[in-house]
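Here is the structure we will look at.
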Amino acid sequence: MTREILPADPSTPEIVSDPQAIRAAVVAARAAGRRVGFVPTMGALHAGHASLAARAGTECDDVVVSIFVNPTQFGAGEDFDRYPRRLADDCRLLGHEGVRWVFAPESRTIYPPGDATRILVDGPARRFEGLIRPGHFEGVATVVCRLFNAVPADVAYFGAKDWQQTVVVRRMVEDLGLPIGISICPTIREPDGLALSSRNAYLSPAERQQAVGLHESLLVAEQLWRNQEPVDSIEAAMRAAIEARQIRLDYAALVDPVSLEPLDVAGGPAVALVAGRLGSTRLIDNRLLAARG
Ligand code: PAF
């Protein structure tokens with residue numbers, strides 16, 4: 001187990017709960033010529049989120065991180081109630097990354113009484129997670145759009161671990177002409193390759209050992225892709241690698257990284273997408289595969 005070494009005297013981010021107050025602060029900072037970066041999160045922060053804040057900190061003058069467990073992106077029976085909430089710990093971690101503001105709104109300010117508006121998403125949002133979690137991406141798109149209204153930053157940072165989410169958000173920003181840049185940052189992994197996720201905390205020690213099967217399947221995919229194997233045999237090998245760890249498979253697929261449709265150019269580029277369940281925990285992961293000759 002690696003131990004994180006943190007600087008001794010971190011600054012403390014200012015916690016803002018009022019959307020109008022954070023908006024005014026961001027507008028004022030930008031009017032003063034400062035570049036503002038925004039990292040939307042649901043809290044329960046880990047080194048993956050810290051890397052997003054760190055990247056924003058190197059590219060921007062001020063960084064805002066939102067912490068909001070968004071009810072509309074959870075389906076019935078999903079983990080909304082048990083999703084970890086630990087604002088004080090999260091703020092400490094963000095202080096070490098030099099974050100200026102933590103925007104932690106109350107639900108009624110994001111979804112005001114009588115709220116009756118949702119963003120409908122189609123195309124790539126209808127596949128994979130969209131099939132397994134109906135309504136999930138409508139919830140993500142709706143909250144991200146509302147967060148972008150409250151935090152009118154220059155650029156927003158998202159982790160590549162949720163590849164389909166990055167596709168849906170980019171599509172929405174383009175389709176609605178939202179005035180914000182989108183930056184996608186690399187997945188941060190445990191030493192054995194497991195992608196960092198707030199949901200890893202749900203895994204029992206035995207499940208934690210098994211969970212590495214998702215990453216193993218992606219390494220298999222990459223090797224076979226480089227060896228010019230056909231897509232269907234690569235997908236079969238990915239499924240076998242996942243099932244070898246007794247992970248209940250949701251999907252293992254090689255698709256176009258932007259449309260998430262089956263590859264129409266055999267040489268790619270491609271993204272390998274995997275999802276599976278261990279007990280009551282769902283995990284997802286992915287790997288981008290460069291075009292092959
Ligand atoms: O990736 C997440 O943590 C969430 O889906 C997001 C983008 C913060 C929206 O609630």
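Letters A, B, ... mark the chains of the structure tokens in the order given; residue numbers begin at 1 per chain; ligand numbers begin at 1, in order shown.
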Test item: residues no farther than 8 Å from ligand 1, counting only C-alpha atoms and all ligand atoms, as an MDAnalysis selection string: chainID A and resid 39:43 66:70 73 139:141 143:144 158:159 162 165
Output N, CA and C atoms for every residue in that selection, as an mmCIF file, in the first residue's frame.
```cif
data_model
loop_
_atom_site.group_PDB
_atom_site.id
_atom_site.type_symbol
_atom_site.label_atom_id
_atom_site.label_comp_id
_atom_site.auth_asym_id
_atom_site.auth_seq_id
_atom_site.Cartn_x
_atom_site.Cartn_y
_atom_site.Cartn_z
ATOM 1 N N VAL A 39 -13.641 21.668 -12.147
ATOM 2 C CA VAL A 39 -13.662 20.198 -12.064
ATOM 3 C C VAL A 39 -14.981 19.785 -11.400
ATOM 4 N N PRO A 40 -15.952 19.290 -12.171
ATOM 5 C CA PRO A 40 -17.204 18.814 -11.559
ATOM 6 C C PRO A 40 -16.995 17.426 -10.946
ATOM 7 N N THR A 41 -17.448 17.218 -9.718
ATOM 8 C CA THR A 41 -17.313 15.909 -9.065
ATOM 9 C C THR A 41 -18.556 15.633 -8.213
ATOM 10 N N MET A 42 -18.619 14.388 -7.739
ATOM 11 C CA MET A 42 -19.655 14.041 -6.757
ATOM 12 C C MET A 42 -19.011 13.804 -5.389
ATOM 13 N N GLY A 43 -17.789 14.272 -5.205
ATOM 14 C CA GLY A 43 -17.125 14.088 -3.908
ATOM 15 C C GLY A 43 -16.559 12.688 -3.762
ATOM 16 N N SER A 66 -16.617 21.378 -7.999
ATOM 17 C CA SER A 66 -17.961 21.221 -7.425
ATOM 18 C C SER A 66 -18.073 19.842 -6.810
ATOM 19 N N ILE A 67 -18.813 19.794 -5.700
ATOM 20 C CA ILE A 67 -19.099 18.535 -5.014
ATOM 21 C C ILE A 67 -20.608 18.468 -4.853
ATOM 22 N N PHE A 68 -21.219 17.584 -5.626
ATOM 23 C CA PHE A 68 -22.680 17.478 -5.590
ATOM 24 C C PHE A 68 -23.057 16.073 -6.031
ATOM 25 N N VAL A 69 -23.666 15.311 -5.123
ATOM 26 C CA VAL A 69 -24.123 13.954 -5.469
ATOM 27 C C VAL A 69 -25.463 14.126 -6.171
ATOM 28 N N ASN A 70 -25.420 13.971 -7.480
ATOM 29 C CA ASN A 70 -26.546 14.366 -8.325
ATOM 30 C C ASN A 70 -27.636 13.293 -8.368
ATOM 31 N N GLN A 73 -28.948 11.314 -11.765
ATOM 32 C CA GLN A 73 -28.182 10.368 -12.585
ATOM 33 C C GLN A 73 -28.141 8.967 -11.971
ATOM 34 N N GLY A 139 -29.552 12.616 -16.700
ATOM 35 C CA GLY A 139 -29.217 13.225 -15.409
ATOM 36 C C GLY A 139 -27.852 13.882 -15.428
ATOM 37 N N VAL A 140 -26.872 13.206 -16.049
ATOM 38 C CA VAL A 140 -25.520 13.773 -16.116
ATOM 39 C C VAL A 140 -25.539 15.062 -16.943
ATOM 40 N N ALA A 141 -26.164 14.990 -18.135
ATOM 41 C CA ALA A 141 -26.162 16.173 -19.010
ATOM 42 C C ALA A 141 -26.886 17.335 -18.334
ATOM 43 N N VAL A 143 -27.322 17.959 -15.079
ATOM 44 C CA VAL A 143 -26.587 18.574 -13.969
ATOM 45 C C VAL A 143 -25.328 19.280 -14.470
ATOM 46 N N VAL A 144 -24.653 18.699 -15.455
ATOM 47 C CA VAL A 144 -23.425 19.345 -15.946
ATOM 48 C C VAL A 144 -23.780 20.690 -16.572
ATOM 49 N N PHE A 158 -12.528 16.622 -17.099
ATOM 50 C CA PHE A 158 -13.194 15.344 -16.827
ATOM 51 C C PHE A 158 -12.180 14.220 -16.963
ATOM 52 N N GLY A 159 -12.396 13.146 -16.201
ATOM 53 C CA GLY A 159 -11.506 11.993 -16.276
ATOM 54 C C GLY A 159 -11.904 11.052 -17.409
ATOM 55 N N ASP A 162 -14.437 7.655 -17.205
ATOM 56 C CA ASP A 162 -15.849 7.606 -17.618
ATOM 57 C C ASP A 162 -15.918 8.031 -19.087
ATOM 58 N N GLN A 165 -19.182 9.132 -20.618
ATOM 59 C CA GLN A 165 -19.603 10.426 -20.068
ATOM 60 C C GLN A 165 -18.886 11.573 -20.797
#
```
Set the distance at 7 Å and use only C-alpha atoms: which residues neighbour Gly276 of chain A once local chain neighbours fewer than 6 positions away are removed? I'd like the list as a PyMOL selection string. chain A and resi 247-251+282-284
Identify all residues of segment 21-224 of chain A in alpha helix (DSSP H) (DSSP on the backbone) and supply them as a ChimeraX atom specification. /A:21-31,47-59,87-96,107-110,129-132,136-150,163-176,205-210,212-224
Shell of 7 Å around Val212 of chain A, only C-alpha atoms, local chain residues under 5 positions omitted, as a short mmCIF file (atom, residue, chain, number, x, y, z; two decimals) with N, CA, C and O atoms, in the first residue's frame:
```
data_model
loop_
_atom_site.label_atom_id
_atom_site.label_comp_id
_atom_site.auth_asym_id
_atom_site.auth_seq_id
_atom_site.Cartn_x
_atom_site.Cartn_y
_atom_site.Cartn_z
N ASP A 192 -1.69 -2.16 -9.38
CA ASP A 192 -2.05 -3.36 -10.16
C ASP A 192 -2.91 -3.04 -11.37
O ASP A 192 -3.31 -3.95 -12.11
N GLY A 193 -3.22 -1.77 -11.60
CA GLY A 193 -3.95 -1.39 -12.81
C GLY A 193 -5.41 -1.03 -12.59
O GLY A 193 -6.05 -0.46 -13.47
N LEU A 194 -5.98 -1.35 -11.41
CA LEU A 194 -7.39 -1.00 -11.17
C LEU A 194 -7.57 0.52 -11.28
O LEU A 194 -6.84 1.29 -10.63
#
```
Which residue of A:Leu218, A:Ala237, A:Ala32, A:Ala275 approaches Leu288 of chain A most closely, using only C-alpha atoms: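 Selected residue with least distance to Leu288 of chain A: A:Leu218.
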When you look at segment 224-231 of chain A with a cut-off of 8 Å (counting only C-alpha atoms), what residues show up, excluding the ones that are within fewer than 3 positions of it in the same chain? I need them as a list in words.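 Close residues of segment 224-231 of chain A: Val220, Ala221, Ile234, Glu235, Leu254, Leu289 and Arg292 of chain A.
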Could you write out the selected residues, including C-alpha atoms, as a PDB file, in the first residue's frame?
```pdb
ATOM      1  CA  VAL A 220      -5.458  -8.300 -23.593  1.00  0.00           C
ATOM      2  CA  ALA A 221      -7.472  -6.134 -25.995  1.00  0.00           C
ATOM      3  CA  ILE A 234     -10.653  -9.438 -29.351  1.00  0.00           C
ATOM      4  CA  GLU A 235     -14.060  -8.952 -27.727  1.00  0.00           C
ATOM      5  CA  LEU A 254     -14.344  -2.326 -29.176  1.00  0.00           C
ATOM      6  CA  LEU A 289      -6.362   1.993 -28.929  1.00  0.00           C
ATOM      7  CA  ARG A 292      -3.356   0.243 -36.519  1.00  0.00           C
TER       8      ARG A 292
END
```
If you count only C-alpha atoms, which residues fall within 9 Å of Phe74 of chain A, apart from same-chain ones fewer than 5 positions away, as a PyMOL selection string? chain A and resi 79-80+133+135-136+139
All strand (DSSP E) residues (DSSP, backbone) inside segment 252-292 of chain A, as a PyMOL selection string: chain A and resi 252-255+270-278+281-289
Could those residues be written to a file, using C-alpha atoms, as a PDB file, in the first residue's frame?
```pdb
ATOM      1  CA  ALA A 252     -16.821  -5.774 -23.349  1.00  0.00           C
ATOM      2  CA  ALA A 253     -16.657  -4.019 -26.698  1.00  0.00           C
ATOM      3  CA  LEU A 254     -14.344  -2.326 -29.176  1.00  0.00           C
ATOM      4  CA  VAL A 255     -16.033   0.671 -30.780  1.00  0.00           C
ATOM      5  CA  ALA A 270     -10.886   2.434 -31.213  1.00  0.00           C
ATOM      6  CA  VAL A 271     -11.867   2.454 -27.591  1.00  0.00           C
ATOM      7  CA  ALA A 272     -12.191  -0.756 -25.606  1.00  0.00           C
ATOM      8  CA  LEU A 273     -15.054  -0.407 -23.106  1.00  0.00           C
ATOM      9  CA  VAL A 274     -15.719  -2.823 -20.248  1.00  0.00           C
ATOM     10  CA  ALA A 275     -18.185  -3.003 -17.371  1.00  0.00           C
ATOM     11  CA  GLY A 276     -18.953  -5.667 -14.825  1.00  0.00           C
ATOM     12  CA  ARG A 277     -20.262  -6.333 -11.342  1.00  0.00           C
ATOM     13  CA  LEU A 278     -18.720  -7.692  -8.181  1.00  0.00           C
ATOM     14  CA  THR A 281     -20.700  -2.921  -7.044  1.00  0.00           C
ATOM     15  CA  ARG A 282     -20.569  -1.963 -10.718  1.00  0.00           C
ATOM     16  CA  LEU A 283     -17.220  -0.997 -12.184  1.00  0.00           C
ATOM     17  CA  ILE A 284     -16.341   0.383 -15.610  1.00  0.00           C
ATOM     18  CA  ASP A 285     -13.060   0.967 -17.401  1.00  0.00           C
ATOM     19  CA  ASN A 286     -11.727   1.627 -20.901  1.00  0.00           C
ATOM     20  CA  ARG A 287      -8.603   1.966 -23.006  1.00  0.00           C
ATOM     21  CA  LEU A 288      -8.022   3.990 -26.155  1.00  0.00           C
ATOM     22  CA  LEU A 289      -6.362   1.993 -28.929  1.00  0.00           C
TER      23      LEU A 289
END
```
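Within 7 Å of segment 88-100 of chain A there are A:Leu6, A:Pro7, A:Pro10, A:Ser11, A:Thr12, A:Pro13, A:Glu14, A:Gly43, A:Ala44, A:Leu45, A:Ala50, A:Ala53, A:Ala54, A:Asp62, A:Val63, A:Val64, counting only C-alpha atoms and ignoring same-chain residues fewer than 3 positions away.
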Export, as a JSON list (two decimals), in the first residue's frame, the selected residues with C-alpha atoms.
```
[["chain", "number", "residue", "atom", "x", "y", "z"],
["A", 6, "LEU", "CA", 1.11, 15.76, 1.41],
["A", 7, "PRO", "CA", 2.64, 19.21, 1.76],
["A", 10, "PRO", "CA", -2.12, 23.49, 2.39],
["A", 11, "SER", "CA", -4.35, 26.44, 1.66],
["A", 12, "THR", "CA", -8.04, 25.95, 2.44],
["A", 13, "PRO", "CA", -10.53, 26.32, -0.39],
["A", 14, "GLU", "CA", -13.47, 28.62, 0.20],
["A", 43, "GLY", "CA", -17.13, 14.09, -3.91],
["A", 44, "ALA", "CA", -15.57, 11.03, -2.21],
["A", 45, "LEU", "CA", -12.44, 12.34, -3.85],
["A", 50, "ALA", "CA", -6.72, 15.30, -7.34],
["A", 53, "ALA", "CA", -7.53, 19.59, -9.94],
["A", 54, "ALA", "CA", -3.73, 19.54, -10.32],
["A", 62, "ASP", "CA", -8.07, 29.75, -10.28],
["A", 63, "VAL", "CA", -9.71, 26.34, -9.87],
["A", 64, "VAL", "CA", -13.28, 25.57, -8.79]]
```
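Of the listed residues A:Pro71, A:Glu59, A:Ser280, A:Gln223, the one whose atoms come nearest to Asn200 of chain A is A:Ser280, with distances taken using only C-alpha atoms.
Among A:Pro84, A:Cys60, A:Cys145, A:Arg30, the residue with the shortest atom-to-atom distance to Val173 of chain A, counting only C-alpha atoms, is A:Cys145.
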Name the closest residue to Asn149 of chain A among the candidates A:Ile22, A:Gln209, A:Arg85, A:Val16; distances are taken between atoms, counting only C-alpha atoms.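 Closest to Asn149 of chain A of all the choices is A:Ile22.
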Give me the residues within 8 Å of Thr109 of chain A as a ChimeraX atom specification, counting only C-alpha atoms and dropping any in the same chain fewer than 3 places off. /A:18-19,105-106,112
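The interatomic distance for the pair atom CA of Trp163 of chain A and atom CA of Phe103 of chain A works out to 24.1 Å.
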Using only C-alpha atoms for the distances, tell me which of A:Pro186, A:Glu261, A:Ala104, A:Ser17 is nearest to Arg86 of chain A. A:Ala104
Calculated over only C-alpha atoms, which of the candidates A:Val121, A:Leu214, A:Thr72, A:Leu196 has the smallest distance to Val169 of chain A?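 Answer, going by the shortest atom-to-atom distance: A:Val121.
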